[in-house]
Amino acid sequence: MNKQDQPLIFECSTPGRIGYSLPEFDVPEVDLQDLIPEDYIREHEPELPEVSELDIMRHYTALSRRNHGLDSGFYPLGSCTMKYNPKINEAVARMNGFAHVHPLQDEASVQGALGLMYDLQEHLVEITGMDAVTLQSAAGAHGEWTGLMMIRAFHEANGDYGRVKVIVPDSAHGTNPASAAVAGFETVTVKSNEQGLVDLEDLKRVVGEDTAALMLTNPNTLGLFEENILEMAEIVHRAGGKLYYDGANLNAVLSKARPGDMGFDVVHLNLHKTFTGPHGGGGPGSGPVGVKQELIPFLPKPIVAKVNDQFVLDYDRPQSIGRVKPYYGNFGINVRAYTYIRSMGPDGLKAVTENAVLNANYMMRRLAPYYDLPFDKHCKHEFVLSGRRQKKLGVRTLDIAKRLLDFGYHPPTIYFPLNVEECIMIEPTETESKETLDSFIDAMIQIAKEAETNPEIVQEAPHTTVISRLDEALAARKPVLRYKKEE
Amino acid sequence: MKHRYLPMTEKDRAAMLEAVGAGSVDELFSDIPEQVRFKGEYQIKKAKSESALLKELTQLAAKNADLRTNTSFLGAGVYDHYIPVIVDHVISRSEFYTAYTPYQPEISQGELQAIFEFQTMICELTGMDVANSSMYDGGTALAEAAMLAAGHTRRKKILVSSAVHPESKEVLNTYAKGQRLEVVEIPYKNGITDVASLQELVNEDVAAVVVQYPNFFGGIEPLKEIEQLTHKEKSLLVVSSNPLALGILTPPGQFGADIVVGDTQVFGIPTAFGGPHCGYFAVTNKLMRKIPGRLVGQTVDEEGRRGFVLTLQAREQHIRRDKATSNICSNQALNALASSVAMTALGKKGIREMAAANIQKANYTKNKLKAAGAEIVFEGPIFNEFVVKLSKPVKEVNQKLLANNIIGGYDLGRDFPDLANHMLIAVTELRTKEEIDTFVAELGDNHE
């Protein structure tokens with residue numbers, strides 16, 4: 001790989017060069033001063049680059065070569081479901097009738113778009129076992145907040161203003177407590193037991209008249225199915241609370257168990273995980289939210305409805321929590337997810353989960369002799385190892401992750417969940433072949449041996465990347481968050 | 001079950017089950033209690049082959065009237081603009097679009113550098129010190145700006161101009177409910193925020209004054225007066241701004257705005273039936289550590305080479321959990337990249353030229369309609385939109401226009417009862433003189 005610094009696009013700028021081709025200017029020109037008051041015309045031009053089209057293409061191609069995507073190689077990032085992003089999805093999302101329609105056009109002129117949304121809603125209702133779905137939320141965290149706002153509206157509609165607390169397990173994603181805070185709730189933590197599952201006794205202790213909801217991922221972030229889910233639902237419901245399902249790990253249970261059948265009242269999905277919307281280097285995602293019957297009145301508005309074979313946007317929803325996003329959600333990502341579901345069908349989705357779970361169990365068993373396995377039982381779509389054995393040799397989990405870069409892999413999620421020491425969280429997904437898994441396992445075994453025989457090579461990794469470990473403390477202490485031209 | 005996305009063969013399955021020590025795949029699901037186990041099959045549509053599905057979805061897409069085959073005068077927050085062809089080529093490089101958030105900087109320098117460049121471009125356009133890596137869209141960015149202001153000032157009231165995008169106001173109301181904030185609207189007068197009303201409403205309880213520039217009606221807000229009244233009470237000034245307009249207009253940062261937000265859909269992002277677009281969020285240095293979402297910073301590696309990392313993460317949900325400045329996690333990274341490429345292609349000169357073409361063509365259309373006898377409702381300066389009063393319901397007029405392959409303007413009566421039969425018309429650089437003249441002729445005597 002090229003270890004030379006790639007200049008910033010601003011450093012490639014040469015006055016006089018252009019990279020655009022604007023439409024012909026064919027109306028009579030008026031002096032700008034006559035159209036805009038003088039104080040409102042900017043004095044200094046923004047310092048944007050001046051480059052040719054080829055300069056741009058070379059720059060971004062160089063940047064792309066300094067980036068690892070799922071198409072570049074294996075990406076077993078736990079809890080992120082880095083599966084293959086099908087190319088037909090991209091083709092469909094770019095069709096003129098989907099990419100170039102305006103959200104405020106007359107409904108009669110967008111029946112294809114509304115029809116797709118309606119059918120996607122119906123498919124997600126069946127997959128989740130809920131009664132209705134909104135597509136408006138832009139991402140997982142946004143879906144969490146939307147769901148919690150609905151739960152709050154439900155309680156308040158019942159005159160129940162004292163339900164101010166949301167319970168989350170200690171293994172929960174960080175977005176859960178953050179979303180609860182944005183929705184105006186306090187967070188209470190419930191502990192995990194030695195088996196890595198929610199401790200029922202602790203749950204009974206924290207639940208009460210002030211409980212608005214319990215947020216849960218199932219399987220949880222350790223990759224373990226919460227076997228006591230029905231008892232937990234019973235405990236929370238009896239106290240008057242609602243059950244919230246964080247759908248980040250849905251890839252583990254397609255066609256095996258539905259949140260709606262487990263007692264959940266609200267669920268959000270991450271269409272950019274289970275349903276192959278690409279991650280895009282951090283988004284855009286899509287976070288639809290499904291609800292049970294009694295929460296339907298509180299869904300964000302509008303929702304897509306079908307009236308006499310016409311698809312319409314229903315705004316007449318007096319108890320709605322309101323809008324959570326302008327227009328109707330990240331439609332382009334929803335188009336991709338819909339295309340994926342239609343490419344898989346019911347059999348395909350079932351095979352997705354079965355293969356994802358077998359892949360994870362296979363890796364877990366093969367790696368168990370070399371790394372500590374905190375929970376020795378069948379996992380679901382992901383599993384956690386602990387690097388505490390290697391830590392005693394002076395090799396940290398971070399070092400193991402960095403050493404994996406030398407083998408051409410994106411490392412697993414590390415130091416999460418927080419309740420496992422030196423945690424390594426691996427999610428292979430169903431789209432990876434046995435050969436790929438075996439090669440990765442070989443690399444992990446080699447690193448475990450290196451930790452014993454040659455720890456420096458791990459501690460000083462990576463050795464082959466365009467850049468070595470970066471000084472993150474410096475970045476935070478003296479923040480440089482933008483380029484400034486040197487005078 | 002054979003599928004092109006599923007590489008596991010029967011032989012693989014047997015070998016893997018043996019290594020796991022399980023007799024069957026079903027055994028791996030034995031921890032799911034019997035009562036909640038899903039038996040049977042999802043009642044959803046059967047799978048289709050690649051070619052059959054492409055055909056079906058091509059036909060479905062064709063049921064929509066798209067902006068490539070029709071001529072659009074519809075804006076209201078989402079615009080039909082020139083998208084350099086190069087944009088799609090860059091964002092189609094799968095090293096970018098199939099990557100996760102750049103948590104491993106050594107193999108994510110490309111994405112991190114691209115975001116750093118995006119942050120710089122947003123700062124340049126808005127005149128602000130710090131910009132983040134993106135938000136979901138302009139509407140949620142505006143709501144988050146109000147939340148930031150409430151937290152920073154420890155005040156509970158938000159004043160929002162009635163000339164802010166109605167859907168952004170609705171999103172703001174939802175977020176405000178979550179945080180138990182009070183939202184009060186400042187009325188508009190002659191198409192811009194009524195400064196006299198602002199003066200009456202603003203006081204020491206107000207966390208933020210939120211305006212849009214150019215505003216929902218296309219008008220240019222008097223930021224100078226608004227800034228003075230806002231800061232007199234030590235409230236924060238939040239400006240939602242179309243970043244293309246800032247190619248010409250004085251940046252809000254220069255007027256003293258504390259937070260500037262908006263949507264970069266105008267740069268290289270298709271309308272896509274309303275999303276995904278791309279919000280931006282920019283602040284003064286003073287508010288740097290309160291900004292929501294991801295930030296990329298410059299640093300050095302062990303050998304002193306320049307590199308980029310996600311930084312100031314102590315603000316974020318995965319570290320701070322319920323004390324985070326926001327719950328945002330995934331943002332709109334790929335669309336921020338698209339906007340960076342478009343801003344780079346336009347560059348210093350193109351951005352001004354494109355903004356100027358919008359002003360010129362919108363004013364040409366406005367004057368042409370006026371000459372044809374139309375009533376232009378608000379008289380002040382505009383960017384690329386203006387309001388016309390019609391003699392008939394807008395919906396009716398738009399249906400007729402669509403029969404001639406014209407997508408008409410926005411029906412303001414939907415959000416403003418006093419503006420029934422008023423159309424908000426957008427004219428971008430893409431509209432030709434011929435298209436404009438046809439539109440004016442087609443509107444015919446449907447205006448008053």
# chains A, B, ... in the order shown; residues from 1 in each chain; ligands from 1
>>> residues_around(residues="Leu197 of chain A", least_positions_apart="4", cutoff="7 Å", atoms="only C-alpha atoms", output="list of chain:residue names")
A:Ser192, A:Asn193, A:Glu226
>>> residues_around(residues="Leu142 of chain B", least_positions_apart="5", cutoff="9 Å", atoms="only C-alpha atoms", output="number ranges by chain")
B: 137, 147, 168-169, 171-172, 210, 238-240, 260-262, 279, 281
>>> atom_distance(atom1="atom CA of Glu316 of chain B", atom2="atom CA of Arg294 of chain B")
7.6 Å
>>> residues_around(residues="segment 239-241 of chain A", least_positions_apart="2", cutoff="10 Å", atoms="only C-alpha atoms", output="PyMOL selection string")
chain A and resi 151+155+160+163+165-167+204+207-214+233-237+243-244+265
>>> select_by_dssp(residues="segment 37-194 of chain B", states="strand (DSSP E)", output="list of chain:residue names")
B:Thr71, B:Ser72, B:Val130, B:Ala131, B:Lys157, B:Ile158, B:Leu159, B:Val160, B:Ser161, B:Glu182, B:Val183, B:Val184, B:Glu185, B:Ile186, B:Tyr188, B:Lys189, B:Ile192, B:Thr193
>>> atom_distance(atom1="atom CA of Pro284 of chain A", atom2="atom CA of Gly275 of chain B")
9.2 Å
>>> residues_around(residues="Thr271 of chain B", least_positions_apart="2", cutoff="12 Å", atoms="only C-alpha atoms", output="ChimeraX atom specification")
/A:93-94,96-105,327,330-332 /B:66-68,72,74-83,263-269,273-278,335
>>> select_by_dssp(residues="segment 10-211 of chain B", states="alpha helix (DSSP H)", output="MDAnalysis selection string")
chainID B and resid 10:20 50:61 85:91 94:97 109:126 138:153 166:179 195:201
>>> atom_distance(atom1="atom CA of Gly387 of chain A", atom2="atom CA of Glu422 of chain A")
5.0 Å
>>> closest_residue(among="B:Glu56, B:Glu111, B:Asp445, B:Asp258", to="Lys286 of chain B", atoms="only C-alpha atoms")
B:Asp258
>>> residues_around(residues="Ile406 of chain B", least_positions_apart="4", cutoff="6 Å", atoms="only C-alpha atoms", output="ChimeraX atom specification")
/B:70-72,401-402
>>> residues_around(residues="Val206 of chain B", least_positions_apart="2", cutoff="7 Å", atoms="only C-alpha atoms", output="list in words")
Arg155, Lys156, Lys157, Ile158, Leu159, Val202, Asn203, Glu204, Ala208 and Ser235 of chain B
>>> write_last_selection(atoms="C-alpha atoms", output="PDB file, in the first residue's frame")
ATOM      1  CA  ARG B 155     -33.609  27.801  29.526  1.00  0.00           C
ATOM      2  CA  LYS B 156     -36.831  26.113  28.481  1.00  0.00           C
ATOM      3  CA  LYS B 157     -38.345  28.236  25.732  1.00  0.00           C
ATOM      4  CA  ILE B 158     -37.653  28.139  21.982  1.00  0.00           C
ATOM      5  CA  LEU B 159     -38.820  30.898  19.641  1.00  0.00           C
ATOM      6  CA  VAL B 202     -37.728  37.467  23.243  1.00  0.00           C
ATOM      7  CA  ASN B 203     -36.710  37.624  26.888  1.00  0.00           C
ATOM      8  CA  GLU B 204     -34.387  36.014  29.418  1.00  0.00           C
ATOM      9  CA  ALA B 208     -32.901  30.038  21.163  1.00  0.00           C
ATOM     10  CA  SER B 235     -30.339  33.687  23.769  1.00  0.00           C
TER      11      SER B 235
END
>>> closest_residue(among="B:Gly304, B:Pro33, B:Gly151, B:Pro84", to="Pro292 of chain B", atoms="only C-alpha atoms")
B:Gly151
>>> closest_residue(among="B:Asp129, B:Ile359, B:Glu379, B:Ala163", to="Pro252 of chain B", atoms="only C-alpha atoms")
B:Asp129
>>> closest_residue(among="A:Tyr371, A:Tyr245, A:Tyr20, A:Phe264", to="chain B", atoms="only C-alpha atoms")
A:Tyr20
>>> decode(residues="segment 158-246 of chain A", atoms="C-alpha atoms", output="mmCIF file, in the first residue's frame")
data_model
loop_
_atom_site.group_PDB
_atom_site.id
_atom_site.type_symbol
_atom_site.label_atom_id
_atom_site.label_comp_id
_atom_site.auth_asym_id
_atom_site.auth_seq_id
_atom_site.Cartn_x
_atom_site.Cartn_y
_atom_site.Cartn_z
ATOM 1 C CA ASN A 158 -53.820 6.960 30.220
ATOM 2 C CA GLY A 159 -53.141 9.775 32.653
ATOM 3 C CA ASP A 160 -50.058 7.881 33.782
ATOM 4 C CA TYR A 161 -47.513 10.685 34.195
ATOM 5 C CA GLY A 162 -45.402 8.980 36.830
ATOM 6 C CA ARG A 163 -43.726 6.512 34.487
ATOM 7 C CA VAL A 164 -40.431 8.313 34.141
ATOM 8 C CA LYS A 165 -37.938 5.442 34.065
ATOM 9 C CA VAL A 166 -36.640 3.193 31.314
ATOM 10 C CA ILE A 167 -34.810 0.016 32.293
ATOM 11 C CA VAL A 168 -31.844 -1.129 30.197
ATOM 12 C CA PRO A 169 -29.530 -4.104 30.755
ATOM 13 C CA ASP A 170 -25.865 -3.446 31.523
ATOM 14 C CA SER A 171 -25.008 -5.099 28.196
ATOM 15 C CA ALA A 172 -27.176 -2.679 26.159
ATOM 16 C CA HIS A 173 -26.038 -0.580 23.207
ATOM 17 C CA GLY A 174 -25.077 2.970 24.262
ATOM 18 C CA THR A 175 -27.848 4.378 22.137
ATOM 19 C CA ASN A 176 -30.497 2.834 24.444
ATOM 20 C CA PRO A 177 -29.827 5.049 27.495
ATOM 21 C CA ALA A 178 -29.054 8.042 25.246
ATOM 22 C CA SER A 179 -32.374 7.680 23.389
ATOM 23 C CA ALA A 180 -34.215 7.308 26.683
ATOM 24 C CA ALA A 181 -32.678 10.582 27.873
ATOM 25 C CA VAL A 182 -33.666 12.425 24.678
ATOM 26 C CA ALA A 183 -37.225 11.113 25.087
ATOM 27 C CA GLY A 184 -37.284 12.619 28.571
ATOM 28 C CA PHE A 185 -36.752 9.474 30.654
ATOM 29 C CA GLU A 186 -34.318 8.504 33.389
ATOM 30 C CA THR A 187 -32.379 5.297 32.846
ATOM 31 C CA VAL A 188 -32.135 2.446 35.316
ATOM 32 C CA THR A 189 -29.687 -0.395 34.738
ATOM 33 C CA VAL A 190 -30.588 -4.034 35.287
ATOM 34 C CA LYS A 191 -27.708 -6.463 35.855
ATOM 35 C CA SER A 192 -26.770 -9.547 33.871
ATOM 36 C CA ASN A 193 -26.325 -12.854 35.698
ATOM 37 C CA GLU A 194 -23.459 -15.335 35.394
ATOM 38 C CA GLN A 195 -25.033 -16.895 32.319
ATOM 39 C CA GLY A 196 -24.929 -13.526 30.541
ATOM 40 C CA LEU A 197 -28.713 -13.097 30.694
ATOM 41 C CA VAL A 198 -30.823 -10.467 32.429
ATOM 42 C CA ASP A 199 -30.971 -11.229 36.150
ATOM 43 C CA LEU A 200 -34.683 -11.780 36.868
ATOM 44 C CA GLU A 201 -34.316 -10.990 40.566
ATOM 45 C CA ASP A 202 -32.640 -7.702 39.769
ATOM 46 C CA LEU A 203 -35.361 -6.943 37.217
ATOM 47 C CA LYS A 204 -38.042 -7.542 39.871
ATOM 48 C CA ARG A 205 -36.129 -5.176 42.152
ATOM 49 C CA VAL A 206 -35.927 -2.262 39.691
ATOM 50 C CA VAL A 207 -39.366 -2.568 38.080
ATOM 51 C CA GLY A 208 -42.213 -0.596 39.570
ATOM 52 C CA GLU A 209 -44.941 1.993 39.195
ATOM 53 C CA ASP A 210 -42.438 4.410 37.713
ATOM 54 C CA THR A 211 -41.396 1.988 34.939
ATOM 55 C CA ALA A 212 -42.238 3.219 31.456
ATOM 56 C CA ALA A 213 -40.452 0.444 29.572
ATOM 57 C CA LEU A 214 -37.743 -2.180 29.487
ATOM 58 C CA MET A 215 -35.469 -1.955 26.445
ATOM 59 C CA LEU A 216 -34.034 -5.238 25.346
ATOM 60 C CA THR A 217 -32.029 -6.747 22.525
ATOM 61 C CA ASN A 218 -32.809 -10.405 21.956
ATOM 62 C CA PRO A 219 -30.505 -12.174 21.377
ATOM 63 C CA ASN A 220 -28.547 -9.807 23.576
ATOM 64 C CA THR A 221 -25.227 -8.209 22.745
ATOM 65 C CA LEU A 222 -23.394 -11.309 24.022
ATOM 66 C CA GLY A 223 -25.121 -13.236 21.239
ATOM 67 C CA LEU A 224 -27.258 -15.147 23.760
ATOM 68 C CA PHE A 225 -30.996 -15.626 23.541
ATOM 69 C CA GLU A 226 -32.827 -14.292 26.607
ATOM 70 C CA GLU A 227 -34.496 -17.583 27.461
ATOM 71 C CA ASN A 228 -36.631 -16.058 30.196
ATOM 72 C CA ILE A 229 -38.182 -13.571 27.841
ATOM 73 C CA LEU A 230 -41.768 -14.536 28.688
ATOM 74 C CA GLU A 231 -41.154 -14.177 32.435
ATOM 75 C CA MET A 232 -39.514 -10.822 31.810
ATOM 76 C CA ALA A 233 -42.464 -9.672 29.705
ATOM 77 C CA GLU A 234 -44.781 -10.799 32.470
ATOM 78 C CA ILE A 235 -42.837 -8.898 35.148
ATOM 79 C CA VAL A 236 -42.754 -5.671 33.133
ATOM 80 C CA HIS A 237 -46.342 -5.858 31.901
ATOM 81 C CA ARG A 238 -47.690 -6.656 35.341
ATOM 82 C CA ALA A 239 -46.037 -3.465 36.596
ATOM 83 C CA GLY A 240 -47.733 -1.526 33.780
ATOM 84 C CA GLY A 241 -44.583 -1.015 31.697
ATOM 85 C CA LYS A 242 -44.007 -1.704 28.020
ATOM 86 C CA LEU A 243 -41.435 -3.926 26.369
ATOM 87 C CA TYR A 244 -39.147 -2.380 23.765
ATOM 88 C CA TYR A 245 -37.213 -4.530 21.277
ATOM 89 C CA ASP A 246 -33.920 -3.180 19.900
#
